[in-house]
file query-v7.tsv (TSV, N, CA and C atoms)
chain	number	residue	atom	x	y	z
R	1	GLN	N	2.59	-0.36	-14.49
R	1	GLN	CA	1.51	0.38	-15.10
R	1	GLN	C	0.38	0.54	-14.08
R	2	LEU	N	-0.11	1.76	-13.96
R	2	LEU	CA	-1.16	2.05	-13.00
R	2	LEU	C	-2.44	1.32	-13.41
R	3	GLN	N	-3.03	0.62	-12.46
R	3	GLN	CA	-4.26	-0.12	-12.72
R	3	GLN	C	-5.21	0.05	-11.55
R	4	LEU	N	-6.48	0.28	-11.87
R	4	LEU	CA	-7.54	0.38	-10.88
R	4	LEU	C	-8.64	-0.59	-11.25
R	5	VAL	N	-9.08	-1.38	-10.27
R	5	VAL	CA	-10.12	-2.37	-10.53
R	5	VAL	C	-11.22	-2.23	-9.48
R	6	GLU	N	-12.41	-1.89	-9.95
R	6	GLU	CA	-13.55	-1.74	-9.06
R	6	GLU	C	-14.29	-3.06	-8.90
R	7	SER	N	-14.90	-3.23	-7.75
R	7	SER	CA	-15.74	-4.40	-7.50
R	7	SER	C	-16.76	-4.04	-6.43
R	8	GLY	N	-17.74	-4.92	-6.25
R	8	GLY	CA	-18.72	-4.74	-5.19
R	8	GLY	C	-20.08	-4.25	-5.64
R	9	GLY	N	-20.22	-3.93	-6.91
R	9	GLY	CA	-21.51	-3.48	-7.39
R	9	GLY	C	-22.52	-4.62	-7.45
R	10	GLY	N	-23.76	-4.25	-7.75
R	10	GLY	CA	-24.79	-5.26	-7.87
R	10	GLY	C	-26.17	-4.65	-7.80
R	11	LEU	N	-27.15	-5.52	-7.65
R	11	LEU	CA	-28.55	-5.12	-7.52
R	11	LEU	C	-28.93	-5.12	-6.05
R	12	VAL	N	-29.50	-4.03	-5.60
R	12	VAL	CA	-29.91	-3.92	-4.19
R	12	VAL	C	-31.24	-3.20	-4.12
R	13	GLN	N	-32.02	-3.52	-3.11
R	13	GLN	CA	-33.30	-2.86	-2.92
R	13	GLN	C	-33.12	-1.47	-2.30
R	14	PRO	N	-34.04	-0.57	-2.54
R	14	PRO	CA	-33.97	0.74	-1.88
R	14	PRO	C	-33.85	0.58	-0.37
R	15	GLY	N	-32.98	1.39	0.21
R	15	GLY	CA	-32.70	1.30	1.63
R	15	GLY	C	-31.57	0.36	1.98
R	16	GLY	N	-31.11	-0.40	1.02
R	16	GLY	CA	-30.03	-1.35	1.25
R	16	GLY	C	-28.66	-0.72	1.21
R	17	SER	N	-27.64	-1.57	1.34
R	17	SER	CA	-26.26	-1.12	1.39
R	17	SER	C	-25.39	-1.93	0.44
R	18	LEU	N	-24.34	-1.30	-0.01
R	18	LEU	CA	-23.28	-1.96	-0.77
R	18	LEU	C	-21.96	-1.33	-0.37
R	19	ARG	N	-20.90	-2.10	-0.50
R	19	ARG	CA	-19.56	-1.54	-0.33
R	19	ARG	C	-18.76	-1.79	-1.60
R	20	LEU	N	-18.37	-0.71	-2.24
R	20	LEU	CA	-17.53	-0.80	-3.43
R	20	LEU	C	-16.07	-0.78	-3.01
R	21	SER	N	-15.26	-1.49	-3.79
R	21	SER	CA	-13.82	-1.50	-3.57
R	21	SER	C	-13.12	-1.06	-4.84
R	22	CYS	N	-12.02	-0.37	-4.65
R	22	CYS	CA	-11.15	0.04	-5.75
R	22	CYS	C	-9.75	-0.46	-5.41
R	23	ALA	N	-9.34	-1.51	-6.08
R	23	ALA	CA	-8.02	-2.10	-5.83
R	23	ALA	C	-7.02	-1.53	-6.81
R	24	ALA	N	-5.90	-1.05	-6.28
R	24	ALA	CA	-4.92	-0.35	-7.09
R	24	ALA	C	-3.61	-1.13	-7.17
R	25	SER	N	-2.91	-0.96	-8.28
R	25	SER	CA	-1.60	-1.57	-8.45
R	25	SER	C	-0.81	-0.77	-9.45
R	26	GLY	N	0.52	-0.94	-9.39
R	26	GLY	CA	1.38	-0.33	-10.38
R	26	GLY	C	1.83	1.08	-10.08
R	27	PHE	N	1.54	1.57	-8.90
R	27	PHE	CA	2.00	2.91	-8.53
R	27	PHE	C	2.08	2.99	-7.00
R	28	THR	N	2.65	4.09	-6.53
R	28	THR	CA	2.81	4.29	-5.08
R	28	THR	C	1.48	4.74	-4.51
R	29	PHE	N	0.70	3.79	-4.08
R	29	PHE	CA	-0.69	4.02	-3.73
R	29	PHE	C	-0.86	5.13	-2.70
R	30	ASP	N	-0.03	5.13	-1.66
R	30	ASP	CA	-0.24	6.09	-0.57
R	30	ASP	C	0.19	7.50	-0.94
R	31	ALA	N	0.64	7.70	-2.17
R	31	ALA	CA	0.98	9.04	-2.64
R	31	ALA	C	-0.09	9.60	-3.58
R	32	TYR	N	-1.18	8.89	-3.71
R	32	TYR	CA	-2.22	9.28	-4.64
R	32	TYR	C	-3.56	9.50	-3.95
R	33	ALA	N	-4.29	10.49	-4.47
R	33	ALA	CA	-5.70	10.66	-4.11
R	33	ALA	C	-6.54	9.73	-4.99
R	34	ILE	N	-7.59	9.19	-4.40
R	34	ILE	CA	-8.50	8.32	-5.12
R	34	ILE	C	-9.91	8.87	-5.01
R	35	ALA	N	-10.58	8.94	-6.12
R	35	ALA	CA	-11.95	9.48	-6.15
R	35	ALA	C	-12.92	8.44	-6.69
R	36	TRP	N	-14.16	8.61	-6.29
R	36	TRP	CA	-15.26	7.84	-6.86
R	36	TRP	C	-16.15	8.78	-7.67
R	37	PHE	N	-16.50	8.31	-8.86
R	37	PHE	CA	-17.43	9.00	-9.73
R	37	PHE	C	-18.56	8.04	-10.08
R	38	ARG	N	-19.63	8.59	-10.63
R	38	ARG	CA	-20.70	7.74	-11.13
R	38	ARG	C	-21.31	8.38	-12.36
R	39	GLN	N	-21.87	7.52	-13.19
R	39	GLN	CA	-22.50	8.00	-14.40
R	39	GLN	C	-23.74	7.16	-14.67
R	40	ALA	N	-24.87	7.84	-14.71
R	40	ALA	CA	-26.13	7.19	-15.03
R	40	ALA	C	-26.39	7.35	-16.52
R	41	PRO	N	-27.19	6.47	-17.11
R	41	PRO	CA	-27.48	6.58	-18.54
R	41	PRO	C	-28.04	7.95	-18.90
R	42	GLY	N	-27.46	8.55	-19.93
R	42	GLY	CA	-27.92	9.84	-20.38
R	42	GLY	C	-27.49	11.03	-19.57
R	43	LYS	N	-26.66	10.79	-18.56
R	43	LYS	CA	-26.20	11.88	-17.69
R	43	LYS	C	-24.68	11.98	-17.73
R	44	GLU	N	-24.20	13.12	-17.32
R	44	GLU	CA	-22.76	13.33	-17.25
R	44	GLU	C	-22.17	12.60	-16.05
R	45	ARG	N	-20.89	12.29	-16.16
R	45	ARG	CA	-20.19	11.68	-15.05
R	45	ARG	C	-20.06	12.71	-13.92
R	46	GLU	N	-20.38	12.30	-12.71
R	46	GLU	CA	-20.35	13.23	-11.58
R	46	GLU	C	-19.46	12.70	-10.47
R	47	GLY	N	-18.81	13.62	-9.79
R	47	GLY	CA	-17.99	13.25	-8.65
R	47	GLY	C	-18.84	12.91	-7.45
R	48	VAL	N	-18.48	11.84	-6.77
R	48	VAL	CA	-19.18	11.40	-5.57
R	48	VAL	C	-18.38	11.76	-4.32
R	49	SER	N	-17.12	11.40	-4.31
R	49	SER	CA	-16.27	11.67	-3.16
R	49	SER	C	-14.83	11.45	-3.56
R	50	CYS	N	-13.94	11.98	-2.76
R	50	CYS	CA	-12.51	11.80	-3.01
R	50	CYS	C	-11.78	11.76	-1.67
R	51	ILE	N	-10.74	10.93	-1.62
R	51	ILE	CA	-9.91	10.86	-0.43
R	51	ILE	C	-8.47	11.12	-0.85
R	52	SER	N	-7.84	12.06	-0.19
R	52	SER	CA	-6.48	12.44	-0.56
R	52	SER	C	-5.48	11.38	-0.11
R	53	SER	N	-4.23	11.60	-0.46
R	53	SER	CA	-3.19	10.65	-0.09
R	53	SER	C	-3.05	10.52	1.43
R	54	THR	N	-3.40	11.58	2.16
R	54	THR	CA	-3.31	11.53	3.62
R	54	THR	C	-4.60	11.01	4.26
R	55	GLY	N	-5.66	10.96	3.48
R	55	GLY	CA	-6.94	10.49	4.01
R	55	GLY	C	-7.70	11.51	4.83
R	56	ALA	N	-7.24	12.75	4.79
R	56	ALA	CA	-7.83	13.77	5.67
R	56	ALA	C	-9.11	14.34	5.08
R	57	ARG	N	-10.13	14.47	5.88
R	57	ARG	CA	-11.37	15.20	5.63
R	57	ARG	C	-11.93	15.04	4.23
R	58	PRO	N	-12.29	13.84	3.83
R	58	PRO	CA	-12.93	13.73	2.52
R	58	PRO	C	-14.28	14.44	2.50
R	59	ASP	N	-14.67	14.87	1.33
R	59	ASP	CA	-15.95	15.52	1.17
R	59	ASP	C	-16.81	14.68	0.24
R	60	TYR	N	-18.09	15.04	0.19
R	60	TYR	CA	-19.06	14.25	-0.54
R	60	TYR	C	-20.01	15.15	-1.32
R	61	ALA	N	-20.47	14.64	-2.44
R	61	ALA	CA	-21.53	15.33	-3.15
R	61	ALA	C	-22.76	15.43	-2.25
R	62	ASP	N	-23.48	16.52	-2.39
R	62	ASP	CA	-24.67	16.72	-1.54
R	62	ASP	C	-25.65	15.56	-1.65
R	63	SER	N	-25.72	14.96	-2.82
R	63	SER	CA	-26.71	13.91	-3.05
R	63	SER	C	-26.41	12.64	-2.26
R	64	VAL	N	-25.17	12.50	-1.76
R	64	VAL	CA	-24.81	11.28	-1.04
R	64	VAL	C	-24.34	11.56	0.39
R	65	LYS	N	-24.22	12.81	0.74
R	65	LYS	CA	-23.71	13.18	2.06
R	65	LYS	C	-24.58	12.57	3.16
R	66	GLY	N	-23.92	11.97	4.13
R	66	GLY	CA	-24.63	11.33	5.23
R	66	GLY	C	-24.99	9.89	4.96
R	67	ARG	N	-24.85	9.45	3.71
R	67	ARG	CA	-25.19	8.06	3.35
R	67	ARG	C	-23.97	7.28	2.89
R	68	PHE	N	-23.04	7.95	2.25
R	68	PHE	CA	-21.85	7.28	1.70
R	68	PHE	C	-20.63	7.66	2.53
R	69	THR	N	-19.70	6.73	2.64
R	69	THR	CA	-18.44	6.97	3.35
R	69	THR	C	-17.29	6.41	2.54
R	70	ILE	N	-16.30	7.25	2.30
R	70	ILE	CA	-15.09	6.81	1.59
R	70	ILE	C	-13.99	6.55	2.61
R	71	SER	N	-13.19	5.53	2.34
R	71	SER	CA	-12.07	5.23	3.23
R	71	SER	C	-10.98	4.55	2.41
R	72	ARG	N	-9.79	4.50	2.99
R	72	ARG	CA	-8.69	3.85	2.28
R	72	ARG	C	-7.91	2.98	3.25
R	73	ASP	N	-7.38	1.90	2.70
R	73	ASP	CA	-6.51	1.00	3.45
R	73	ASP	C	-5.21	0.90	2.66
R	74	ASN	N	-4.22	1.67	3.06
R	74	ASN	CA	-2.97	1.71	2.30
R	74	ASN	C	-2.22	0.38	2.34
R	75	ALA	N	-2.44	-0.39	3.38
R	75	ALA	CA	-1.79	-1.70	3.46
R	75	ALA	C	-2.32	-2.66	2.40
R	76	LYS	N	-3.57	-2.42	1.98
R	76	LYS	CA	-4.19	-3.28	0.98
R	76	LYS	C	-4.30	-2.61	-0.39
R	77	ASN	N	-3.76	-1.39	-0.49
R	77	ASN	CA	-3.85	-0.63	-1.75
R	77	ASN	C	-5.29	-0.56	-2.26
R	78	THR	N	-6.20	-0.27	-1.35
R	78	THR	CA	-7.62	-0.31	-1.69
R	78	THR	C	-8.34	0.89	-1.08
R	79	VAL	N	-9.25	1.44	-1.86
R	79	VAL	CA	-10.18	2.46	-1.39
R	79	VAL	C	-11.58	1.88	-1.44
R	80	TYR	N	-12.36	2.22	-0.43
R	80	TYR	CA	-13.72	1.70	-0.33
R	80	TYR	C	-14.73	2.84	-0.40
R	81	LEU	N	-15.91	2.50	-0.85
R	81	LEU	CA	-17.04	3.41	-0.79
R	81	LEU	C	-18.20	2.64	-0.18
R	82	GLN	N	-18.47	2.93	1.09
R	82	GLN	CA	-19.59	2.32	1.78
R	82	GLN	C	-20.84	3.12	1.45
R	83	MET	N	-21.83	2.47	0.90
R	83	MET	CA	-23.06	3.14	0.47
R	83	MET	C	-24.23	2.57	1.25
R	84	ASN	N	-24.84	3.42	2.06
R	84	ASN	CA	-25.99	3.02	2.87
R	84	ASN	C	-27.24	3.78	2.42
R	85	SER	N	-28.38	3.30	2.85
R	85	SER	CA	-29.66	3.95	2.53
R	85	SER	C	-29.77	4.26	1.04
R	86	LEU	N	-29.47	3.28	0.24
R	86	LEU	CA	-29.43	3.50	-1.21
R	86	LEU	C	-30.81	3.84	-1.76
R	87	LYS	N	-30.79	4.70	-2.76
R	87	LYS	CA	-32.01	5.16	-3.42
R	87	LYS	C	-31.97	4.78	-4.90
R	88	PRO	N	-33.11	4.70	-5.54
R	88	PRO	CA	-33.10	4.41	-6.99
R	88	PRO	C	-32.25	5.40	-7.78
R	89	GLU	N	-32.19	6.64	-7.34
R	89	GLU	CA	-31.39	7.63	-8.06
R	89	GLU	C	-29.89	7.43	-7.88
R	90	ASP	N	-29.48	6.50	-7.04
R	90	ASP	CA	-28.07	6.14	-6.94
R	90	ASP	C	-27.65	5.14	-8.02
R	91	THR	N	-28.62	4.66	-8.77
R	91	THR	CA	-28.31	3.71	-9.85
R	91	THR	C	-27.40	4.37	-10.89
R	92	ALA	N	-26.26	3.75	-11.12
R	92	ALA	CA	-25.26	4.30	-12.04
R	92	ALA	C	-24.10	3.31	-12.16
R	93	HIS	N	-23.23	3.60	-13.12
R	93	HIS	CA	-21.95	2.91	-13.19
R	93	HIS	C	-20.96	3.72	-12.36
R	94	TYR	N	-20.31	3.05	-11.43
R	94	TYR	CA	-19.41	3.72	-10.51
R	94	TYR	C	-17.96	3.44	-10.90
R	95	TYR	N	-17.18	4.51	-10.93
R	95	TYR	CA	-15.78	4.42	-11.32
R	95	TYR	C	-14.89	4.97	-10.21
R	96	CYS	N	-13.69	4.40	-10.07
R	96	CYS	CA	-12.69	5.06	-9.26
R	96	CYS	C	-11.60	5.61	-10.19
R	97	ALA	N	-10.93	6.62	-9.70
R	97	ALA	CA	-9.89	7.28	-10.48
R	97	ALA	C	-8.81	7.78	-9.54
R	98	ALA	N	-7.61	7.99	-10.08
R	98	ALA	CA	-6.46	8.36	-9.25
R	98	ALA	C	-5.74	9.57	-9.82
R	99	ARG	N	-5.19	10.36	-8.92
R	99	ARG	CA	-4.31	11.47	-9.29
R	99	ARG	C	-3.33	11.68	-8.13
R	100	PRO	N	-2.16	12.24	-8.42
R	100	PRO	CA	-1.17	12.39	-7.35
R	100	PRO	C	-1.63	13.31	-6.23
R	101	VAL	N	-1.47	12.85	-5.03
R	101	VAL	CA	-1.53	13.59	-3.77
R	101	VAL	C	-2.93	14.09	-3.42
R	102	SER	N	-3.39	15.12	-4.11
R	102	SER	CA	-4.62	15.79	-3.68
R	102	SER	C	-5.77	15.53	-4.63
R	103	CYS	N	-6.97	15.85	-4.14
R	103	CYS	CA	-8.18	15.68	-4.94
R	103	CYS	C	-8.43	16.84	-5.89
R	104	ALA	N	-7.67	17.90	-5.75
R	104	ALA	CA	-7.79	19.12	-6.55
R	104	ALA	C	-8.99	19.96	-6.11
R	105	TRP	N	-10.14	19.35	-6.01
R	105	TRP	CA	-11.34	20.02	-5.53
R	105	TRP	C	-12.01	19.12	-4.50
R	106	PRO	N	-12.73	19.68	-3.54
R	106	PRO	CA	-13.41	18.84	-2.53
R	106	PRO	C	-14.32	17.79	-3.16
R	107	ILE	N	-15.11	18.23	-4.14
R	107	ILE	CA	-15.92	17.28	-4.91
R	107	ILE	C	-15.17	17.05	-6.21
R	108	PRO	N	-14.70	15.84	-6.47
R	108	PRO	CA	-13.80	15.62	-7.60
R	108	PRO	C	-14.43	15.93	-8.95
R	109	ARG	N	-13.59	16.40	-9.86
R	109	ARG	CA	-14.01	16.71	-11.22
R	109	ARG	C	-13.34	15.72	-12.16
R	110	PRO	N	-14.09	15.14	-13.07
R	110	PRO	CA	-13.49	14.14	-13.97
R	110	PRO	C	-12.26	14.64	-14.72
R	111	THR	N	-12.26	15.91	-15.09
R	111	THR	CA	-11.15	16.43	-15.89
R	111	THR	C	-9.83	16.49	-15.12
R	112	ASP	N	-9.88	16.37	-13.81
R	112	ASP	CA	-8.66	16.41	-13.01
R	112	ASP	C	-8.00	15.03	-12.86
R	113	PHE	N	-8.64	14.00	-13.37
R	113	PHE	CA	-8.15	12.64	-13.18
R	113	PHE	C	-7.84	12.00	-14.53
R	114	ARG	N	-6.67	11.40	-14.61
R	114	ARG	CA	-6.25	10.77	-15.86
R	114	ARG	C	-6.33	9.25	-15.81
R	115	SER	N	-6.31	8.68	-14.64
R	115	SER	CA	-6.25	7.22	-14.51
R	115	SER	C	-7.57	6.72	-13.96
R	116	TRP	N	-8.18	5.80	-14.70
R	116	TRP	CA	-9.53	5.33	-14.39
R	116	TRP	C	-9.62	3.82	-14.41
R	117	GLY	N	-10.52	3.30	-13.60
R	117	GLY	CA	-10.88	1.90	-13.70
R	117	GLY	C	-12.02	1.72	-14.69
R	118	GLN	N	-12.44	0.47	-14.85
R	118	GLN	CA	-13.50	0.15	-15.80
R	118	GLN	C	-14.90	0.33	-15.21
R	119	GLY	N	-14.96	0.38	-13.91
R	119	GLY	CA	-16.24	0.65	-13.26
R	119	GLY	C	-16.98	-0.59	-12.83
R	120	THR	N	-17.99	-0.37	-11.99
R	120	THR	CA	-18.87	-1.43	-11.52
R	120	THR	C	-20.29	-0.89	-11.46
R	121	GLN	N	-21.23	-1.69	-11.87
R	121	GLN	CA	-22.62	-1.23	-11.96
R	121	GLN	C	-23.33	-1.39	-10.62
R	122	VAL	N	-24.03	-0.33	-10.25
R	122	VAL	CA	-24.89	-0.37	-9.06
R	122	VAL	C	-26.32	-0.08	-9.51
R	123	THR	N	-27.22	-0.99	-9.19
R	123	THR	CA	-28.62	-0.83	-9.53
R	123	THR	C	-29.45	-0.92	-8.27
R	124	VAL	N	-30.21	0.12	-8.01
R	124	VAL	CA	-31.07	0.16	-6.83
R	124	VAL	C	-32.52	0.09	-7.30
R	125	SER	N	-33.15	-1.01	-7.02
R	125	SER	CA	-34.49	-1.24	-7.53
R	125	SER	C	-35.20	-2.28	-6.69
R	126	SER	N	-36.50	-2.12	-6.57
R	126	SER	CA	-37.30	-3.13	-5.88
R	126	SER	C	-37.84	-4.15	-6.87

call {"tool": "encode", "arguments": {"input": "query-v7.tsv", "output": "structure tokens"}}
result
Amino acid sequence: QLQLVESGGGLVQPGGSLRLSCAASGFTFDAYAIAWFRQAPGKEREGVSCISSTGARPDYADSVKGRFTISRDNAKNTVYLQMNSLKPEDTAHYYCAARPVSCAWPIPRPTDFRSWGQGTQVTVSS
């Protein structure tokens, strides 16, 4: 059974960094694209970034471009989201999700993903 487990969230001051992890099991990891989404209270879930099964040329939402980096380690069945220069507006619950092969769109759309983790909370506050 496909399972995704996020970790690495927490409370950080503005300007700080966090690295989120998405550990996968129960499927052929290197044949799947993995995306990161986030949802703040009262807002819709938004795509942050996605990395395809090949890991080629991931894209990022404009709000995080230049600050966040997605990567994958197929040997560890894990995708990471390195978040630097964090801002209070980055505060949200962060989710990873999986779909076969491609991200479908450069900036992932929730409706394209069927398999989700439970998420990890990121709070950026002084």

call {"tool": "closest_residue", "arguments": {"input": "query-v7.tsv", "among": "R:Trp36, R:Phe29, R:Trp105, R:Tyr80", "to": "His93 (chain R)", "atoms": "only C-alpha atoms"}}
result
R:Trp36

call {"tool": "residues_around", "arguments": {"input": "query-v7.tsv", "residues": "Gly47 (chain R)", "least_positions_apart": "4", "cutoff": "6.5 Å", "atoms": "all atoms listed in the file", "output": "JSON, numbers by chain"}}
result
{"R": [36, 37, 38, 61, 107, 108, 109, 110]}

call {"tool": "write_last_selection", "arguments": {"input": "query-v7.tsv", "atoms": "N, CA and C atoms", "output": "tab-separated table (two decimals), in the coordinates of the input"}}
result
chain	number	residue	atom	x	y	z
R	36	TRP	N	-14.16	8.61	-6.29
R	36	TRP	CA	-15.26	7.84	-6.86
R	36	TRP	C	-16.15	8.78	-7.67
R	37	PHE	N	-16.50	8.31	-8.86
R	37	PHE	CA	-17.43	9.00	-9.73
R	37	PHE	C	-18.56	8.04	-10.08
R	38	ARG	N	-19.63	8.59	-10.63
R	38	ARG	CA	-20.70	7.74	-11.13
R	38	ARG	C	-21.31	8.38	-12.36
R	61	ALA	N	-20.47	14.64	-2.44
R	61	ALA	CA	-21.53	15.33	-3.15
R	61	ALA	C	-22.76	15.43	-2.25
R	107	ILE	N	-15.11	18.23	-4.14
R	107	ILE	CA	-15.92	17.28	-4.91
R	107	ILE	C	-15.17	17.05	-6.21
R	108	PRO	N	-14.70	15.84	-6.47
R	108	PRO	CA	-13.80	15.62	-7.60
R	108	PRO	C	-14.43	15.93	-8.95
R	109	ARG	N	-13.59	16.40	-9.86
R	109	ARG	CA	-14.01	16.71	-11.22
R	109	ARG	C	-13.34	15.72	-12.16
R	110	PRO	N	-14.09	15.14	-13.07
R	110	PRO	CA	-13.49	14.14	-13.97
R	110	PRO	C	-12.26	14.64	-14.72

call {"tool": "atom_distance", "arguments": {"input": "query-v7.tsv", "atom1": "CA of Pro58 (chain R)", "atom2": "CA of Ser125 (chain R)"}}
result
28.1 Å

call {"tool": "closest_residue", "arguments": {"input": "query-v7.tsv", "among": "R:Cys50, R:Ala98, R:Ala31, R:Ala56", "to": "Asp112 (chain R)", "atoms": "only N, CA and C atoms"}}
result
R:Ala98

call {"tool": "select_by_dssp", "arguments": {"input": "query-v7.tsv", "residues": "region 6-114 of chain R", "states": "helix (DSSP H, G or I)", "output": "JSON, numbers by chain"}}
result
{"R": [29, 30, 31, 88, 89, 90, 110, 111, 112]}

call {"tool": "residues_around", "arguments": {"input": "query-v7.tsv", "residues": "Ser7 (chain R)", "least_positions_apart": "6", "cutoff": "10 Å", "atoms": "only C-alpha atoms", "output": "PDB file with N, CA and C atoms, in the coordinates of the input"}}
result
ATOM      1  N   ARG R  19     -20.900  -2.100  -0.500  1.00  0.00           N
ATOM      2  CA  ARG R  19     -19.560  -1.540  -0.330  1.00  0.00           C
ATOM      3  C   ARG R  19     -18.760  -1.790  -1.600  1.00  0.00           C
ATOM      4  N   LEU R  20     -18.370  -0.710  -2.240  1.00  0.00           N
ATOM      5  CA  LEU R  20     -17.530  -0.800  -3.430  1.00  0.00           C
ATOM      6  C   LEU R  20     -16.070  -0.780  -3.010  1.00  0.00           C
ATOM      7  N   SER R  21     -15.260  -1.490  -3.790  1.00  0.00           N
ATOM      8  CA  SER R  21     -13.820  -1.500  -3.570  1.00  0.00           C
ATOM      9  C   SER R  21     -13.120  -1.060  -4.840  1.00  0.00           C
ATOM     10  N   CYS R  22     -12.020  -0.370  -4.650  1.00  0.00           N
ATOM     11  CA  CYS R  22     -11.150   0.040  -5.750  1.00  0.00           C
ATOM     12  C   CYS R  22      -9.750  -0.460  -5.410  1.00  0.00           C
ATOM     13  N   ALA R  23      -9.340  -1.510  -6.080  1.00  0.00           N
ATOM     14  CA  ALA R  23      -8.020  -2.100  -5.830  1.00  0.00           C
ATOM     15  C   ALA R  23      -7.020  -1.530  -6.810  1.00  0.00           C
ATOM     16  N   TYR R  80     -12.360   2.220  -0.430  1.00  0.00           N
ATOM     17  CA  TYR R  80     -13.720   1.700  -0.330  1.00  0.00           C
ATOM     18  C   TYR R  80     -14.730   2.840  -0.400  1.00  0.00           C
ATOM     19  N   TYR R  94     -20.310   3.050 -11.430  1.00  0.00           N
ATOM     20  CA  TYR R  94     -19.410   3.720 -10.510  1.00  0.00           C
ATOM     21  C   TYR R  94     -17.960   3.440 -10.900  1.00  0.00           C
ATOM     22  N   TYR R  95     -17.180   4.510 -10.930  1.00  0.00           N
ATOM     23  CA  TYR R  95     -15.780   4.420 -11.320  1.00  0.00           C
ATOM     24  C   TYR R  95     -14.890   4.970 -10.210  1.00  0.00           C
ATOM     25  N   GLN R 118     -12.440   0.470 -14.850  1.00  0.00           N
ATOM     26  CA  GLN R 118     -13.500   0.150 -15.800  1.00  0.00           C
ATOM     27  C   GLN R 118     -14.900   0.330 -15.210  1.00  0.00           C
ATOM     28  N   GLY R 119     -14.960   0.380 -13.910  1.00  0.00           N
ATOM     29  CA  GLY R 119     -16.240   0.650 -13.260  1.00  0.00           C
ATOM     30  C   GLY R 119     -16.980  -0.590 -12.830  1.00  0.00           C
ATOM     31  N   THR R 120     -17.990  -0.370 -11.990  1.00  0.00           N
ATOM     32  CA  THR R 120     -18.870  -1.430 -11.520  1.00  0.00           C
ATOM     33  C   THR R 120     -20.290  -0.890 -11.460  1.00  0.00           C
ATOM     34  N   GLN R 121     -21.230  -1.690 -11.870  1.00  0.00           N
ATOM     35  CA  GLN R 121     -22.620  -1.230 -11.960  1.00  0.00           C
ATOM     36  C   GLN R 121     -23.330  -1.390 -10.620  1.00  0.00           C
TER      37      GLN R 121
END

call {"tool": "atom_distance", "arguments": {"input": "query-v7.tsv", "atom1": "atom C of Ser126 (chain R)", "atom2": "atom C of Gln13 (chain R)"}}
result
7.1 Å

call {"tool": "closest_residue", "arguments": {"input": "query-v7.tsv", "among": "R:Thr28, R:Thr111, R:Cys96, R:Val48", "to": "Val5 (chain R)", "atoms": "all atoms listed in the file"}}
result
R:Cys96

call {"tool": "atom_distance", "arguments": {"input": "query-v7.tsv", "atom1": "CA of Ser85 (chain R)", "atom2": "atom C of Pro14 (chain R)"}}
result
6.1 Å

call {"tool": "select_by_dssp", "arguments": {"input": "query-v7.tsv", "residues": "chain R", "states": "strand (DSSP E)", "output": "PyMOL selection string"}}
result
chain R and resi 3-7+10-12+18-25+32-39+46-51+59-60+68-73+78-83+92-100+115-116+120-124

call {"tool": "closest_residue", "arguments": {"input": "query-v7.tsv", "among": "R:Val124, R:Ala92, R:Val79, R:Cys103", "to": "Ala24 (chain R)", "atoms": "only C-alpha atoms"}}
result
R:Val79

call {"tool": "closest_residue", "arguments": {"input": "query-v7.tsv", "among": "R:Pro88, R:Ile51, R:Arg45, R:Tyr60", "to": "Asn74 (chain R)", "atoms": "only C-alpha atoms"}}
result
R:Ile51
